[in-house]
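Structure file final-v3.tsv (TSV, C-alpha atoms) is printed below.
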chain	number	residue	atom	x	y	z
F	1	MET	CA	60.93	3.77	-19.53
F	2	TYR	CA	59.57	0.83	-21.48
F	3	SER	CA	56.59	-0.09	-23.64
F	4	ALA	CA	54.35	-3.14	-23.69
F	5	CYS	CA	52.54	-5.13	-26.40
F	6	ILE	CA	49.75	-7.64	-25.83
F	7	LEU	CA	50.04	-10.80	-27.96
F	8	ASP	CA	47.87	-13.83	-28.79
F	9	SER	CA	50.78	-16.27	-28.76
F	10	SER	CA	53.36	-16.98	-26.09
F	11	PRO	CA	56.06	-14.33	-25.68
F	12	ALA	CA	59.40	-14.86	-27.41
F	13	THR	CA	62.03	-17.29	-26.25
F	14	PRO	CA	65.73	-16.55	-26.68
F	15	GLY	CA	67.78	-17.74	-29.63
F	16	ASP	CA	64.97	-19.32	-31.59
F	17	GLY	CA	64.87	-16.83	-34.46
F	18	THR	CA	61.56	-15.32	-33.38
F	19	PHE	CA	60.24	-12.08	-34.80
F	20	PRO	CA	61.36	-9.95	-31.80
F	21	CYS	CA	64.85	-11.45	-31.95
F	22	GLU	CA	65.07	-10.57	-35.67
F	23	LEU	CA	64.48	-6.94	-34.63
F	24	GLY	CA	67.58	-7.19	-32.42
F	25	LEU	CA	65.71	-7.50	-29.12
F	26	ASN	CA	67.27	-9.61	-26.38
F	27	LEU	CA	65.32	-11.63	-23.85
F	28	GLU	CA	65.98	-10.42	-20.31
F	29	GLY	CA	63.56	-12.76	-18.60
F	30	ARG	CA	60.17	-14.45	-18.55
F	31	ALA	CA	57.56	-14.59	-15.82
F	32	THR	CA	53.94	-15.23	-15.04
F	33	VAL	CA	52.29	-12.27	-13.35
F	34	GLU	CA	49.32	-13.09	-11.16
F	35	GLY	CA	47.96	-12.54	-7.70
F	36	GLU	CA	46.02	-10.01	-5.74
F	37	TRP	CA	48.82	-7.40	-5.93
F	38	ALA	CA	48.83	-7.43	-9.75
F	39	GLY	CA	45.09	-6.91	-9.97
F	40	ARG	CA	45.35	-3.93	-7.66
F	41	ILE	CA	47.74	-2.29	-10.14
F	42	THR	CA	45.81	-2.97	-13.37
F	43	GLY	CA	42.24	-3.16	-12.07
F	44	LEU	CA	41.96	-6.64	-13.63
F	45	HIS	CA	41.40	-8.80	-10.56
F	46	GLY	CA	42.18	-12.46	-11.13
F	47	GLN	CA	44.58	-11.72	-13.98
F	48	ARG	CA	47.17	-14.23	-15.08
F	49	VAL	CA	49.68	-12.94	-17.65
F	50	GLU	CA	52.74	-14.47	-19.30
F	51	ILE	CA	55.40	-11.84	-19.97
F	52	ALA	CA	58.76	-11.70	-21.66
F	53	MET	CA	60.88	-8.61	-21.02
F	54	MET	CA	62.98	-7.75	-24.05
F	55	SER	CA	65.76	-5.15	-24.24
F	56	THR	CA	67.20	-3.24	-27.16
F	57	PRO	CA	70.78	-4.01	-28.21
F	58	ASP	CA	72.06	-0.84	-26.52
F	59	GLY	CA	70.29	-1.78	-23.27
F	60	HIS	CA	68.57	1.61	-22.97
F	61	SER	CA	65.00	0.58	-23.85
F	62	ARG	CA	62.72	-2.30	-23.00
F	63	LEU	CA	59.63	-3.89	-24.53
F	64	GLU	CA	57.35	-6.11	-22.48
F	65	LEU	CA	55.61	-8.78	-24.56
F	66	SER	CA	52.51	-10.01	-22.71
F	67	ARG	CA	49.83	-12.63	-23.23
F	68	PHE	CA	46.76	-12.51	-20.98
F	69	LEU	CA	45.64	-15.99	-19.98
F	70	THR	CA	42.86	-14.49	-17.84
F	71	PRO	CA	40.82	-12.40	-18.22
F	72	PRO	CA	40.31	-12.64	-21.98
F	73	VAL	CA	41.40	-9.75	-24.20
F	74	VAL	CA	38.51	-7.31	-24.70
F	75	ALA	CA	39.68	-5.16	-27.63
F	76	ASP	CA	41.70	-5.85	-30.74
F	77	HIS	CA	43.54	-2.95	-32.40
F	78	ARG	CA	45.68	-5.03	-34.74
F	79	ASN	CA	44.00	-3.78	-37.90
F	80	ALA	CA	43.77	-0.15	-36.84
F	81	PRO	CA	45.45	2.39	-39.14
F	82	VAL	CA	48.45	4.42	-37.98
F	83	ASN	CA	46.22	7.43	-37.17
F	84	ALA	CA	44.00	5.54	-34.67
F	85	LEU	CA	43.89	6.83	-31.09
F	86	GLY	CA	46.04	5.12	-28.46
F	87	TYR	CA	49.40	3.38	-28.34
F	88	LEU	CA	49.25	1.18	-31.38
F	89	ARG	CA	52.76	0.98	-32.74
F	90	VAL	CA	56.42	0.97	-31.90
F	91	MET	CA	59.30	2.26	-34.08
F	92	PHE	CA	62.68	0.53	-34.33
F	93	ALA	CA	65.92	2.06	-35.57
F	94	VAL	CA	67.66	-0.45	-37.85
F	95	ASP	CA	71.06	-0.44	-39.52
F	96	ASP	CA	69.92	-1.98	-42.83
F	97	LEU	CA	66.23	-1.61	-43.66
F	98	ASP	CA	66.27	-3.96	-46.66
F	99	ASP	CA	68.00	-6.75	-44.72
F	100	THR	CA	65.64	-6.31	-41.75
F	101	LEU	CA	62.58	-6.48	-44.02
F	102	GLU	CA	63.89	-9.63	-45.69
F	103	ARG	CA	64.41	-11.36	-42.32
F	104	LEU	CA	61.05	-10.22	-40.92
F	105	ARG	CA	59.11	-11.34	-44.00
F	106	LYS	CA	60.24	-14.90	-43.21
F	107	HIS	CA	58.25	-14.51	-39.97
F	108	GLY	CA	55.10	-13.24	-41.65
F	109	ALA	CA	55.74	-9.48	-41.71
F	110	GLN	CA	53.96	-7.55	-44.45
F	111	LEU	CA	54.86	-4.10	-45.70
F	112	VAL	CA	51.95	-1.69	-45.07
F	113	ASP	CA	52.65	0.33	-48.23
F	114	GLU	CA	56.22	1.09	-49.31
F	115	VAL	CA	59.69	2.05	-48.12
F	116	VAL	CA	60.12	5.82	-48.41
F	117	GLN	CA	63.20	8.01	-48.18
F	118	TYR	CA	62.70	11.20	-46.15
F	119	GLN	CA	65.13	13.80	-47.47
F	120	ASP	CA	68.73	12.68	-46.92
F	121	ALA	CA	67.99	11.66	-43.34
F	122	TYR	CA	65.98	8.40	-43.14
F	123	ARG	CA	64.48	5.45	-44.99
F	124	LEU	CA	61.16	4.59	-43.32
F	125	CYS	CA	58.31	2.10	-43.53
F	126	TYR	CA	55.58	0.43	-41.52
F	127	ILE	CA	55.03	-3.31	-41.40
F	128	ARG	CA	52.40	-5.55	-39.86
F	129	GLY	CA	54.02	-8.22	-37.72
F	130	PRO	CA	52.85	-11.84	-37.56
F	131	GLU	CA	50.11	-10.95	-35.05
F	132	GLY	CA	49.05	-7.88	-37.01
F	133	LEU	CA	50.92	-5.45	-34.76
F	134	LEU	CA	51.97	-2.22	-36.45
F	135	ILE	CA	55.74	-1.71	-36.37
F	136	GLY	CA	57.75	1.15	-37.82
F	137	LEU	CA	61.28	0.71	-39.13
F	138	ALA	CA	63.72	3.60	-39.61
F	139	GLN	CA	67.20	3.52	-41.10
F	140	GLU	CA	69.27	6.65	-40.57
F	141	LEU	CA	71.20	7.60	-43.70

As a first step, turn the structure in this file into structure tokens.
Amino acid sequence: MYSACILDSSPATPGDGTFPCELGLNLEGRATVEGEWAGRITGLHGQRVEIAMMSTPDGHSRLELSRFLTPPVVADHRNAPVNALGYLRVMFAVDDLDDTLERLRKHGAQLVDEVVQYQDAYRLCYIRGPEGLLIGLAQEL
């Protein structure tokens, strides 16, 4: 199973210190998806999409970063709160929440509110990434 995020900018490239790489994601490959077959899957005939397939460090999960060249994006959920309907966020397990926040802030990440400790189990927070995407961070204690 994997998830997908739609971006305004080009998907990440490997080794260039991009926001996804700072989260520990590894680039598996890049491609342009287009053609009659793709439109039959999505219902967006004439689509042309740049994608970058990223994998988690353990190799068990994947995140597809996509940018639609055509047709244009029709909805923008980047400023929606965490209780909005739909798939609007992704949560990452991190080893050191403070270090991760420090690195992500250099790429434009902003803390939504504050870092909170849940019992003796987790430290948690939400951030807005450089494109306004909502991202959760969780450090197991």

| Non-local contacts of Asp120 of chain F (10 Å; only C-alpha atoms; under 3 positions in same chain excluded) as a list in words |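 These residues fall inside the cut-off: Gln117, Arg123, Glu140 and Leu141 of chain F.
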
| request: Calculate how many Å separate atom CA of Leu133 of chain F from atom CA of Gln119 of chain F, rounding to one decimal. | output: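 Distance reported for this atom pair: 27.1 Å.
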
| said: From the options F:Ala138, F:Asp113, F:Leu25, F:Arg103, which residue's atoms come nearest to Thr56 of chain F, counting all atoms listed in the file? | reply: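 Ranking F:Ala138, F:Asp113, F:Leu25, F:Arg103 by distance to Thr56 of chain F, first place goes to F:Leu25.
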
| said: As an exercise, work out the distance from atom CA of Ala93 of chain F to atom CA of Gly136 of chain F in Å and give it to one decimal place. | reply: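 Between atom CA of Ala93 of chain F and atom CA of Gly136 of chain F the gap works out to 8.5 Å.
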
| Nearby residues (only C-alpha atoms) at most 10 Å from Met91 of chain F, same-chain spacing under 4 positions excluded, as a PyMOL selection string | chain F and resi 124-126+134-138

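If you measure from each of F:Gly59, F:Gly108, F:Pro81, F:Pro72 to Gly24 of chain F using only C-alpha atoms, the closest one turns out to be F:Gly59.
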
Pull the closest atom pair for each residue of segment 71-130 of chain F that gets at most 12 Å from segment 3-9 of chain F, along with the distance in Å to one decimal, counting only C-alpha atoms, ordering rows by chain and then ascending residue number, as a tab-separated table.
residue	atom	partner	partner_atom	distance
F:Pro72	CA	F:Asp8	CA	10.2
F:Val73	CA	F:Ile6	CA	8.8
F:Val74	CA	F:Ile6	CA	11.3
F:Ala75	CA	F:Ile6	CA	10.5
F:Asp76	CA	F:Ile6	CA	9.6
F:His77	CA	F:Ile6	CA	10.2
F:Arg78	CA	F:Leu7	CA	9.9
F:Tyr87	CA	F:Ser3	CA	9.3
F:Leu88	CA	F:Cys5	CA	8.7
F:Arg89	CA	F:Cys5	CA	8.8
F:Val90	CA	F:Ser3	CA	8.3
F:Met91	CA	F:Ser3	CA	11.0
F:Gly129	CA	F:Leu7	CA	10.9
F:Pro130	CA	F:Leu7	CA	10.1

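We find atom CA of Ile51 of chain F and atom CA of Asp95 of chain F to be spaced 27.5 Å apart.
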
| request: For segment 29-39 of chain F, please output as a PyMOL selection string all residues within 6 Å (counting all atoms listed in the file; exclusion window: fewer than 4 positions along the same chain). | output: chain F and resi 43-45+47-53

| With distances taken over all atoms listed in the file, which of F:Asn26, F:Phe92, F:Ile41, F:Gly46 is nearest to Pro71 of chain F? |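 Among the listed residues, the smallest separation from Pro71 of chain F belongs to F:Gly46.
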